[in-house]
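Undergrad: Got a file for you: entry-v1.tsv, TSV, C-alpha atoms and all ligand atoms.
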chain	number	residue	atom	x	y	z
J	1	MET	CA	154.99	129.43	85.49
J	2	ILE	CA	153.35	126.92	83.13
J	3	ILE	CA	149.59	127.41	82.91
J	4	THR	CA	147.44	124.46	81.79
J	5	VAL	CA	143.82	125.16	81.02
J	6	ALA	CA	141.49	122.14	81.12
J	7	LYS	CA	140.05	121.41	77.66
J	8	SER	CA	136.62	121.08	79.22
J	9	ALA	CA	136.76	124.38	81.16
J	10	GLY	CA	133.70	126.60	80.85
J	11	PHE	CA	130.28	126.40	79.23
J	12	CYS	CA	129.05	122.93	78.34
J	13	PHE	CA	127.01	122.23	75.24
J	14	GLY	CA	123.68	122.38	77.14
J	15	VAL	CA	124.38	125.74	78.79
J	16	LYS	CA	125.62	127.32	75.53
J	17	ARG	CA	122.50	126.09	73.80
J	18	ALA	CA	120.17	127.38	76.54
J	19	ILE	CA	121.73	130.86	76.53
J	20	LYS	CA	121.53	131.02	72.73
J	21	ILE	CA	117.83	130.01	72.82
J	22	ALA	CA	117.18	132.56	75.60
J	23	LEU	CA	118.79	135.46	73.72
J	24	GLU	CA	117.10	134.53	70.42
J	25	THR	CA	113.72	134.20	72.15
J	26	VAL	CA	113.91	137.62	73.78
J	27	GLN	CA	114.76	139.20	70.41
J	28	ASN	CA	111.70	137.69	68.76
J	29	ALA	CA	109.16	137.62	71.58
J	30	GLY	CA	108.08	140.57	73.66
J	31	SER	CA	107.89	139.45	77.26
J	32	VAL	CA	110.01	136.45	78.30
J	33	GLU	CA	110.06	134.95	81.78
J	34	MET	CA	111.79	132.01	83.40
J	35	LEU	CA	111.37	130.24	86.71
J	36	GLY	CA	114.70	130.83	88.48
J	37	ASP	CA	118.18	131.62	87.15
J	38	ILE	CA	119.13	130.41	83.68
J	39	VAL	CA	122.35	128.87	85.07
J	40	HIS	CA	124.11	129.06	88.41
J	41	ASN	CA	126.43	131.90	87.50
J	42	GLU	CA	125.99	135.53	88.52
J	43	GLN	CA	127.55	137.12	85.41
J	44	VAL	CA	125.43	135.04	83.03
J	45	VAL	CA	122.29	135.80	85.06
J	46	GLN	CA	123.03	139.54	84.82
J	47	GLU	CA	123.62	139.30	81.05
J	48	VAL	CA	120.34	137.47	80.49
J	49	GLU	CA	118.39	139.88	82.70
J	50	ALA	CA	119.97	142.85	80.92
J	51	ALA	CA	118.73	141.36	77.63
J	52	GLY	CA	115.18	141.65	79.01
J	53	ILE	CA	114.36	138.19	80.39
J	54	ARG	CA	112.55	138.38	83.71
J	55	LYS	CA	113.13	135.89	86.50
J	56	ILE	CA	109.94	134.86	88.31
J	57	GLN	CA	109.25	132.69	91.36
J	58	PHE	CA	105.75	131.54	90.35
J	59	LEU	CA	103.79	131.40	87.11
J	60	GLU	CA	101.41	134.31	86.68
J	61	ALA	CA	98.87	135.28	84.02
J	62	GLY	CA	100.65	134.25	80.80
J	63	GLU	CA	98.70	135.87	77.95
J	64	GLY	CA	101.16	137.42	75.49
J	65	LYS	CA	104.16	136.08	77.40
J	66	THR	CA	106.76	133.39	76.72
J	67	LEU	CA	108.01	131.03	79.39
J	68	LEU	CA	111.55	129.80	78.87
J	69	ILE	CA	112.32	126.36	80.35
J	70	ARG	CA	115.96	126.34	81.48
J	71	SER	CA	118.66	123.78	80.62
J	72	HIS	CA	117.98	121.88	83.90
J	73	GLY	CA	114.48	121.04	82.64
J	74	ALA	CA	111.22	121.23	84.58
J	75	PRO	CA	108.47	118.95	85.90
J	76	GLU	CA	105.60	118.11	83.51
J	77	SER	CA	103.24	120.12	85.73
J	78	VAL	CA	105.09	123.36	84.87
J	79	TYR	CA	104.44	122.88	81.12
J	80	ARG	CA	100.76	122.07	81.79
J	81	GLU	CA	100.20	124.98	84.14
J	82	ALA	CA	102.02	127.42	81.84
J	83	GLN	CA	99.87	126.44	78.88
J	84	GLN	CA	96.68	126.72	80.96
J	85	LEU	CA	97.73	130.22	82.01
J	86	GLY	CA	98.23	131.23	78.38
J	87	TYR	CA	102.05	131.23	78.13
J	88	ARG	CA	103.84	130.21	74.98
J	89	VAL	CA	106.50	127.74	76.15
J	90	VAL	CA	110.03	127.69	74.71
J	91	ASP	CA	111.96	124.68	75.90
J	92	ALA	CA	115.75	125.07	76.41
J	93	THR	CA	116.09	121.84	78.42
J	94	CYS	CA	119.43	120.20	77.61
J	95	PRO	CA	118.89	117.16	75.34
J	96	MET	CA	120.93	115.04	77.82
J	97	VAL	CA	118.46	115.93	80.57
J	98	LYS	CA	115.55	115.18	78.21
J	99	GLU	CA	117.06	111.74	77.72
J	100	ILE	CA	116.94	111.14	81.50
J	101	HIS	CA	113.24	112.14	81.46
J	102	THR	CA	112.55	109.62	78.68
J	103	ILE	CA	114.33	106.80	80.53
J	104	VAL	CA	112.47	107.57	83.76
J	105	ARG	CA	109.04	107.67	82.11
J	106	GLY	CA	109.75	104.43	80.24
J	107	ARG	CA	110.98	102.49	83.26
J	108	TYR	CA	108.17	103.84	85.42
J	109	SER	CA	105.57	102.60	82.94
J	110	GLN	CA	107.25	99.16	83.10
J	111	GLY	CA	106.65	99.06	86.85
J	112	PHE	CA	110.12	99.89	88.16
J	113	GLN	CA	110.68	101.92	91.32
J	114	ILE	CA	112.63	104.95	90.10
J	115	ILE	CA	115.76	105.86	92.06
J	116	ILE	CA	117.61	109.09	91.26
J	117	ILE	CA	121.18	109.58	92.43
J	118	GLY	CA	121.55	113.32	92.91
J	119	ASP	CA	120.94	116.43	95.02
J	120	LYS	CA	117.27	116.45	96.00
J	121	GLN	CA	116.98	120.24	95.98
J	122	HIS	CA	118.65	120.69	92.59
J	123	ASP	CA	116.36	121.93	89.79
J	124	GLU	CA	117.43	119.12	87.48
J	125	VAL	CA	116.43	116.48	90.04
J	126	GLN	CA	113.13	118.26	90.69
J	127	GLY	CA	112.49	118.19	86.93
J	128	ILE	CA	113.22	114.44	86.78
J	129	LEU	CA	110.97	113.79	89.78
J	130	GLY	CA	108.20	115.69	88.02
J	131	GLN	CA	108.13	113.26	85.07
J	132	ILE	CA	106.19	110.61	86.97
J	133	GLU	CA	103.12	110.58	89.16
J	134	HIS	CA	104.50	108.82	92.22
J	135	ASP	CA	107.51	109.75	94.28
J	136	ALA	CA	110.84	108.48	93.10
J	137	LEU	CA	113.54	107.87	95.68
J	138	VAL	CA	116.38	110.42	95.64
J	139	ILE	CA	119.71	109.37	97.17
J	140	GLU	CA	122.59	111.80	97.66
J	141	HIS	CA	125.25	109.66	99.39
J	142	ALA	CA	125.84	105.98	100.09
J	143	ASP	CA	125.51	106.54	103.84
J	144	ALA	CA	122.10	108.16	103.29
J	145	VAL	CA	120.59	104.97	101.85
J	146	SER	CA	117.78	103.83	104.13
J	147	LEU	CA	117.86	100.02	104.25
J	148	ASP	CA	114.32	99.92	105.68
J	149	VAL	CA	113.08	101.61	102.52
J	150	ILE	CA	115.12	99.83	99.86
J	151	ARG	CA	114.60	96.32	101.29
J	152	ASP	CA	110.95	96.49	100.17
J	153	ILE	CA	111.88	97.29	96.54
J	154	LYS	CA	111.89	94.36	94.12
J	155	ARG	CA	112.74	96.11	90.84
J	156	ALA	CA	114.54	99.44	90.64
J	157	ALA	CA	115.60	101.62	87.73
J	158	VAL	CA	118.44	103.93	88.71
J	159	VAL	CA	119.33	107.15	86.90
J	160	VAL	CA	121.86	109.82	87.81
J	161	GLN	CA	121.73	113.63	87.88
J	162	SER	CA	123.90	114.61	84.90
J	163	THR	CA	126.65	116.31	86.94
J	164	GLN	CA	127.23	113.73	89.70
J	165	ALA	CA	130.67	112.34	90.53
J	166	LEU	CA	131.15	108.77	89.33
J	167	ALA	CA	132.72	107.54	92.58
J	168	ASN	CA	129.65	108.59	94.57
J	169	VAL	CA	127.38	106.86	92.05
J	170	HIS	CA	129.32	103.59	92.29
J	171	ALA	CA	129.23	103.68	96.08
J	172	ILE	CA	125.43	104.11	96.13
J	173	LEU	CA	124.90	101.54	93.40
J	174	ALA	CA	126.88	98.93	95.37
J	175	VAL	CA	124.51	99.30	98.34
J	176	LEU	CA	121.40	99.16	96.13
J	177	GLU	CA	122.58	96.03	94.30
J	178	GLN	CA	123.23	94.33	97.60
J	179	HIS	CA	119.62	94.72	98.77
J	180	ILE	CA	117.39	94.98	95.68
J	181	PRO	CA	116.87	91.80	93.58
J	182	GLU	CA	116.66	93.60	90.19
J	183	VAL	CA	118.52	96.85	89.56
J	184	VAL	CA	118.63	98.39	86.07
J	185	PHE	CA	121.22	101.13	85.98
J	186	SER	CA	121.44	103.93	83.40
J	187	ASN	CA	124.58	105.99	83.76
J	188	THR	CA	123.16	109.38	82.82
J	189	ILE	CA	126.17	111.46	83.86
J	190	CYS	CA	126.55	113.57	80.72
J	191	ARG	CA	129.59	113.53	78.46
J	192	ALA	CA	130.60	117.08	79.37
J	193	THR	CA	130.70	116.13	83.06
J	194	ARG	CA	132.64	112.93	82.39
J	195	GLU	CA	135.28	114.82	80.41
J	196	ARG	CA	135.57	117.47	83.12
J	197	GLN	CA	135.93	114.86	85.84
J	198	ALA	CA	138.40	112.77	83.83
J	199	GLU	CA	140.67	115.81	83.51
J	200	MET	CA	140.53	116.21	87.27
J	201	GLU	CA	142.25	112.85	87.64
J	202	THR	CA	145.45	114.23	86.12
J	203	LEU	CA	145.45	118.01	86.61
J	204	PRO	CA	145.57	118.16	90.44
J	205	PRO	CA	148.46	115.69	90.88
J	206	ASP	CA	150.43	117.14	87.94
J	207	ASN	CA	150.25	120.78	89.05
J	208	ASP	CA	151.40	122.76	92.08
J	209	VAL	CA	148.24	124.88	92.21
J	210	VAL	CA	144.75	124.27	90.82
J	211	LEU	CA	142.18	127.03	90.25
J	212	VAL	CA	138.54	126.03	89.82
J	213	ILE	CA	136.47	128.91	88.44
J	214	GLY	CA	132.74	129.16	88.97
J	215	SER	CA	129.93	130.29	91.18
J	216	LYS	CA	129.68	128.99	94.74
J	217	THR	CA	126.03	128.25	93.88
J	218	SER	CA	127.02	125.90	91.05
J	219	ALA	CA	126.86	122.24	92.12
J	220	ASN	CA	129.12	121.00	89.32
J	221	THR	CA	131.75	123.67	90.11
J	222	LYS	CA	131.75	122.70	93.79
J	223	ARG	CA	132.09	119.04	92.81
J	224	LEU	CA	135.11	119.82	90.62
J	225	PHE	CA	136.66	121.73	93.50
J	226	GLU	CA	136.09	118.80	95.89
J	227	LEU	CA	137.77	116.43	93.40
J	228	ALA	CA	140.75	118.79	93.06
J	229	ARG	CA	141.08	119.46	96.80
J	230	ALA	CA	141.01	115.73	97.64
J	231	VAL	CA	144.25	115.33	95.66
J	232	ASN	CA	145.90	118.73	95.85
J	233	MET	CA	145.54	120.93	98.94
J	234	ARG	CA	146.63	123.96	96.93
J	235	SER	CA	143.31	124.00	95.06
J	236	TYR	CA	141.20	127.16	95.19
J	237	LEU	CA	137.61	127.89	94.18
J	238	ILE	CA	137.28	131.37	92.68
J	239	GLN	CA	134.41	133.22	91.03
J	240	THR	CA	136.41	135.75	89.01
J	241	ARG	CA	139.95	137.07	88.53
J	242	ASP	CA	139.37	139.42	91.51
J	243	ASP	CA	139.51	136.48	93.95
J	244	ILE	CA	143.07	135.49	93.02
J	245	MET	CA	145.63	135.91	95.83
J	246	PRO	CA	149.25	136.15	94.56
J	247	GLY	CA	150.47	134.36	97.72
J	248	TRP	CA	148.88	131.10	96.51
J	249	PHE	CA	151.58	130.75	93.85
J	250	ALA	CA	154.72	131.01	96.01
J	251	GLY	CA	157.27	128.55	94.59
J	252	ALA	CA	154.72	127.18	92.10
J	253	SER	CA	155.92	126.37	88.59
J	254	ARG	CA	152.79	124.65	87.25
J	255	VAL	CA	149.23	125.91	87.59
J	256	ALA	CA	146.07	124.24	86.29
J	257	VAL	CA	142.85	126.08	85.56
J	258	THR	CA	139.42	124.53	85.14
J	259	ALA	CA	135.89	125.90	85.31
J	260	GLY	CA	132.34	124.70	85.90
J	261	ALA	CA	129.80	124.17	83.13
J	262	SER	CA	128.15	127.53	83.78
J	263	THR	CA	131.31	129.68	83.81
J	264	PRO	CA	131.64	132.02	80.79
J	265	ASP	CA	134.78	131.89	78.63
J	266	GLU	CA	135.48	135.59	79.37
J	267	THR	CA	135.75	134.80	83.09
J	268	VAL	CA	138.22	131.98	82.37
J	269	GLN	CA	140.17	134.30	80.06
J	270	GLY	CA	140.31	136.98	82.78
J	271	VAL	CA	141.86	134.50	85.22
J	272	ILE	CA	144.46	133.41	82.65
J	273	GLU	CA	145.45	137.03	82.06
J	274	VAL	CA	146.07	137.56	85.79
J	275	LEU	CA	148.13	134.35	85.99
J	276	GLN	CA	150.22	135.43	83.00
J	277	SER	CA	150.88	138.78	84.66
J	278	LEU	CA	152.16	136.94	87.75
U	1	LIG	S1	126.09	119.66	82.37
U	1	LIG	FE1	125.59	118.12	80.84
U	1	LIG	S2	123.39	117.73	81.09
U	1	LIG	FE2	123.84	119.64	82.16
U	1	LIG	S3	123.43	121.22	80.66
U	1	LIG	FE3	125.60	120.72	80.47
U	1	LIG	S4	125.72	119.14	78.84
U	1	LIG	FE4	123.59	119.30	79.53
Represent the structure of the file as structure tokens.
TA:
Amino acid sequence: MIITVAKSAGFCFGVKRAIKIALETVQNAGSVEMLGDIVHNEQVVQEVEAAGIRKIQFLEAGEGKTLLIRSHGAPESVYREAQQLGYRVVDATCPMVKEIHTIVRGRYSQGFQIIIIGDKQHDEVQGILGQIEHDALVIEHADAVSLDVIRDIKRAAVVVQSTQALANVHAILAVLEQHIPEVVFSNTICRATRERQAEMETLPPDNDVVLVIGSKTSANTKRLFELARAVNMRSYLIQTRDDIMPGWFAGASRVAVTAGASTPDETVQGVIEVLQSL
């Protein structure tokens, strides 16, 4: 069986950086807290918690504590509130996400209606929304575009959650351009996501079986799986080596392996070892 591992499989630059900052911060600062999980991956969350970083739901009294902002970023109000409560803030927001914040603030100050293509509930989108005072419009799918709402917009600046699929973005953009006189589009899908998705154009058709490794809570992992499954029905989403079923590989001579941006290299390595043993 030939095993092909996607070059882009596993941690992206932004996640690696955030974990490094988190582990360095906890070594140097006493009490470190973060709002939510550092990334959407159970093993990484456990590692970070074991290092002494506490996950909180709400900001509390912050004297003597450090608040770590995760790679997804956070609304401006979180920084303000944290400082008022006495926290020291360490910012591990991915620079690509920071760039989206800068674009949104700039276009908003020029009078554009901000439109974000992405998952409304995702932390990254919430962080982008929190860069401006008035509500931006968030659109998830082309068929969710409300014509009643967008017909009243004269000038729109469109940005994209960094891990969106390009095809979905183009479909939404086509509807917006049809109804809004001026649309300025910034393709803010990050390079790591583009590379991952580009590999999914060739791996599923070229292989008998495709394994996508990552947490079921990770949006970018689920998106990779959807891309793979659309082309190759023998695509499986697994969290670790323990989920592998030998029956999936009956008659298969080529297997492709990829992984979401928040999947550790050790997890990918564990899957490869099981495949080699098969
Ligand atoms: S997926 Fe892209 S934007 Fe998000 S953390 Fe990774 S590199 Fe940064």
Undergrad: Contacts of Asp135 in chain J at 12 Å or less, counting all atoms listed in the file, minus same-chain residues fewer than 2 places along, as JSON, numbers by chain?
TA: {"J": [104, 108, 112, 113, 114, 115, 116, 120, 125, 126, 128, 129, 130, 131, 132, 133, 137, 138]}
Undergrad: Can you pull out every residue within 10 Å of Ala61 in chain J, counting only C-alpha atoms, but drop anything in the same chain fewer than 4 positions away, and send it as an mmCIF file with C-alpha atoms, keeping the file's coordinate frame?
TA:
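Generated file (around_21.cif):
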data_model
loop_
_atom_site.group_PDB
_atom_site.id
_atom_site.type_symbol
_atom_site.label_atom_id
_atom_site.label_comp_id
_atom_site.auth_asym_id
_atom_site.auth_seq_id
_atom_site.Cartn_x
_atom_site.Cartn_y
_atom_site.Cartn_z
ATOM 1 C CA LYS J 65 104.160 136.080 77.400
ATOM 2 C CA ALA J 82 102.020 127.420 81.840
ATOM 3 C CA GLN J 84 96.680 126.720 80.960
ATOM 4 C CA LEU J 85 97.730 130.220 82.010
ATOM 5 C CA GLY J 86 98.230 131.230 78.380
ATOM 6 C CA TYR J 87 102.050 131.230 78.130
#
Undergrad: Contacts of Ser31 in chain J at 10 Å or less, counting all atoms listed in the file, minus same-chain residues fewer than 6 places along, as an MDAnalysis selection string?
TA: chainID J and resid 25 52:54 62:67
Undergrad: Please produce a file of those selected residues containing C-alpha atoms, as a compact mmCIF listing (two decimals), keeping the file's coordinate frame.
TA:
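The result, stored in out_15.txt:
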# COMPACT_ATOMS: atom_id res chain seq x y z
CA THR J 25 113.72 134.20 72.15
CA GLY J 52 115.18 141.65 79.01
CA ILE J 53 114.36 138.19 80.39
CA ARG J 54 112.55 138.38 83.71
CA GLY J 62 100.65 134.25 80.80
CA GLU J 63 98.70 135.87 77.95
CA GLY J 64 101.16 137.42 75.49
CA LYS J 65 104.16 136.08 77.40
CA THR J 66 106.76 133.39 76.72
CA LEU J 67 108.01 131.03 79.39
Undergrad: Could you tell me, counting all atoms listed in the file, which protein and nucleic acid residues lie no more than 6 Å from ligand LIG 1 (chain U), written as a list in words?
TA: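 Counting all atoms listed in the file, the residues within 6 Å of ligand LIG 1 (chain U) come out as Cys12, Phe13, Gly14, Val15, Ser71, Cys94, Met96, Val97, Ser162, Thr163, Cys190, Ala192, Thr193 and Ala261 of chain J.
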Undergrad: List the neighbours of range 183-189 of chain J out to 6 Å using all atoms listed in the file; skip same-chain residues closer than 5 positions along the sequence, and give me the result as a list in words.
TA: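 The neighbour list is Arg155, Ala156, Ala157, Val158, Val159, Val160, Ser162 and Thr163 of chain J.
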Undergrad: Pick the closest to Leu275 in chain J from J:Thr217, J:Ile19, J:Arg223, J:Leu211: which is it, counting all atoms listed in the file?
TA: J:Leu211
Undergrad: So, counting only C-alpha atoms, which residue among J:Val274, J:Ile244, J:Ile69, J:Ala230 is closest to Lys98 in chain J?
TA: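 Residue with the minimum atom-to-atom distance to Lys98 in chain J: J:Ile69.
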Undergrad: For Leu237 in chain J, please output as a compact mmCIF listing (two decimals) with C-alpha atoms, keeping the file's coordinate frame all residues within 7 Å (counting all atoms listed in the file; exclusion window: fewer than 2 positions along the same chain).
TA:
# COMPACT_ATOMS: atom_id res chain seq x y z
CA LEU J 211 142.18 127.03 90.25
CA VAL J 212 138.54 126.03 89.82
CA ILE J 213 136.47 128.91 88.44
CA PHE J 225 136.66 121.73 93.50
CA SER J 235 143.31 124.00 95.06
CA GLN J 239 134.41 133.22 91.03
Undergrad: Taking all atoms listed in the file into account, name the residue in J:Val209, J:Val5, J:Ala142, J:Leu203 that is nearest to Met245 in chain J.
TA: J:Val209
Undergrad: Identify which of the residues J:Glu47, J:Asp91, J:Asp208, J:Glu81 lies closest to Ile3 in chain J, counting all atoms listed in the file when measuring atom-to-atom distances.
TA: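 Checking each of J:Glu47, J:Asp91, J:Asp208, J:Glu81 against Ile3 in chain J, counting all atoms listed in the file, the winner is J:Asp208.
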Undergrad: So what do you get for CA of Pro246 in chain J versus CA of Val271 in chain J, distance-wise?
TA: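 Spanning CA of Pro246 in chain J to CA of Val271 in chain J is a straight-line distance of 12.0 Å.
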Undergrad: For the atom pair CA of Arg88 in chain J and CA of Thr102 in chain J, what is the interatomic distance in Å to one decimal place?
TA: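 CA of Thr102 in chain J lies at a distance of 22.7 Å from CA of Arg88 in chain J.
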Undergrad: Rounded to one decimal in Å, what is the spacing between CA of Ile139 in chain J and CA of Ile117 in chain J?
TA: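 So the answer is 5.0 Å.
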Undergrad: Please output range 185-197 of chain J, rebuilt to include N, CA, C and O atoms, as a PDB file, in the coordinates of the input.
TA:
ATOM      1  N   PHE J 185     120.501  99.874  85.790  1.00  0.00           N
ATOM      2  CA  PHE J 185     121.220 101.130  85.980  1.00  0.00           C
ATOM      3  C   PHE J 185     121.470 101.833  84.655  1.00  0.00           C
ATOM      4  O   PHE J 185     121.969 101.226  83.707  1.00  0.00           O
ATOM      5  N   SER J 186     121.108 103.110  84.578  1.00  0.00           N
ATOM      6  CA  SER J 186     121.440 103.930  83.400  1.00  0.00           C
ATOM      7  C   SER J 186     122.403 105.014  83.863  1.00  0.00           C
ATOM      8  O   SER J 186     122.024 105.863  84.677  1.00  0.00           O
ATOM      9  N   ASN J 187     123.617 104.956  83.362  1.00  0.00           N
ATOM     10  CA  ASN J 187     124.580 105.990  83.760  1.00  0.00           C
ATOM     11  C   ASN J 187     124.304 107.247  82.944  1.00  0.00           C
ATOM     12  O   ASN J 187     124.730 107.373  81.802  1.00  0.00           O
ATOM     13  N   THR J 188     123.571 108.176  83.544  1.00  0.00           N
ATOM     14  CA  THR J 188     123.160 109.380  82.820  1.00  0.00           C
ATOM     15  C   THR J 188     124.020 110.594  83.179  1.00  0.00           C
ATOM     16  O   THR J 188     123.607 111.730  82.945  1.00  0.00           O
ATOM     17  N   ILE J 189     125.206 110.345  83.728  1.00  0.00           N
ATOM     18  CA  ILE J 189     126.170 111.460  83.860  1.00  0.00           C
ATOM     19  C   ILE J 189     126.511 111.870  82.429  1.00  0.00           C
ATOM     20  O   ILE J 189     126.820 111.020  81.594  1.00  0.00           O
ATOM     21  N   CYS J 190     126.409 113.166  82.121  1.00  0.00           N
ATOM     22  CA  CYS J 190     126.550 113.570  80.720  1.00  0.00           C
ATOM     23  C   CYS J 190     128.027 113.584  80.290  1.00  0.00           C
ATOM     24  O   CYS J 190     128.926 113.584  81.136  1.00  0.00           O
ATOM     25  N   ARG J 191     128.226 113.607  78.978  1.00  0.00           N
ATOM     26  CA  ARG J 191     129.590 113.530  78.460  1.00  0.00           C
ATOM     27  C   ARG J 191     130.443 114.716  78.924  1.00  0.00           C
ATOM     28  O   ARG J 191     131.602 114.555  79.281  1.00  0.00           O
ATOM     29  N   ALA J 192     129.844 115.895  78.945  1.00  0.00           N
ATOM     30  CA  ALA J 192     130.600 117.080  79.370  1.00  0.00           C
ATOM     31  C   ALA J 192     131.115 116.899  80.797  1.00  0.00           C
ATOM     32  O   ALA J 192     132.266 117.231  81.102  1.00  0.00           O
ATOM     33  N   THR J 193     130.289 116.355  81.664  1.00  0.00           N
ATOM     34  CA  THR J 193     130.700 116.130  83.060  1.00  0.00           C
ATOM     35  C   THR J 193     131.793 115.069  83.137  1.00  0.00           C
ATOM     36  O   THR J 193     132.768 115.215  83.876  1.00  0.00           O
ATOM     37  N   ARG J 194     131.623 114.003  82.357  1.00  0.00           N
ATOM     38  CA  ARG J 194     132.640 112.930  82.390  1.00  0.00           C
ATOM     39  C   ARG J 194     134.003 113.466  81.969  1.00  0.00           C
ATOM     40  O   ARG J 194     135.022 113.151  82.570  1.00  0.00           O
ATOM     41  N   GLU J 195     134.007 114.273  80.912  1.00  0.00           N
ATOM     42  CA  GLU J 195     135.280 114.820  80.410  1.00  0.00           C
ATOM     43  C   GLU J 195     135.921 115.712  81.484  1.00  0.00           C
ATOM     44  O   GLU J 195     137.118 115.639  81.746  1.00  0.00           O
ATOM     45  N   ARG J 196     135.080 116.542  82.072  1.00  0.00           N
ATOM     46  CA  ARG J 196     135.570 117.470  83.120  1.00  0.00           C
ATOM     47  C   ARG J 196     136.170 116.678  84.280  1.00  0.00           C
ATOM     48  O   ARG J 196     137.236 116.985  84.771  1.00  0.00           O
ATOM     49  N   GLN J 197     135.452 115.632  84.693  1.00  0.00           N
ATOM     50  CA  GLN J 197     135.930 114.860  85.840  1.00  0.00           C
ATOM     51  C   GLN J 197     137.176 114.037  85.487  1.00  0.00           C
ATOM     52  O   GLN J 197     138.069 113.863  86.316  1.00  0.00           O
TER      53      GLN J 197
END
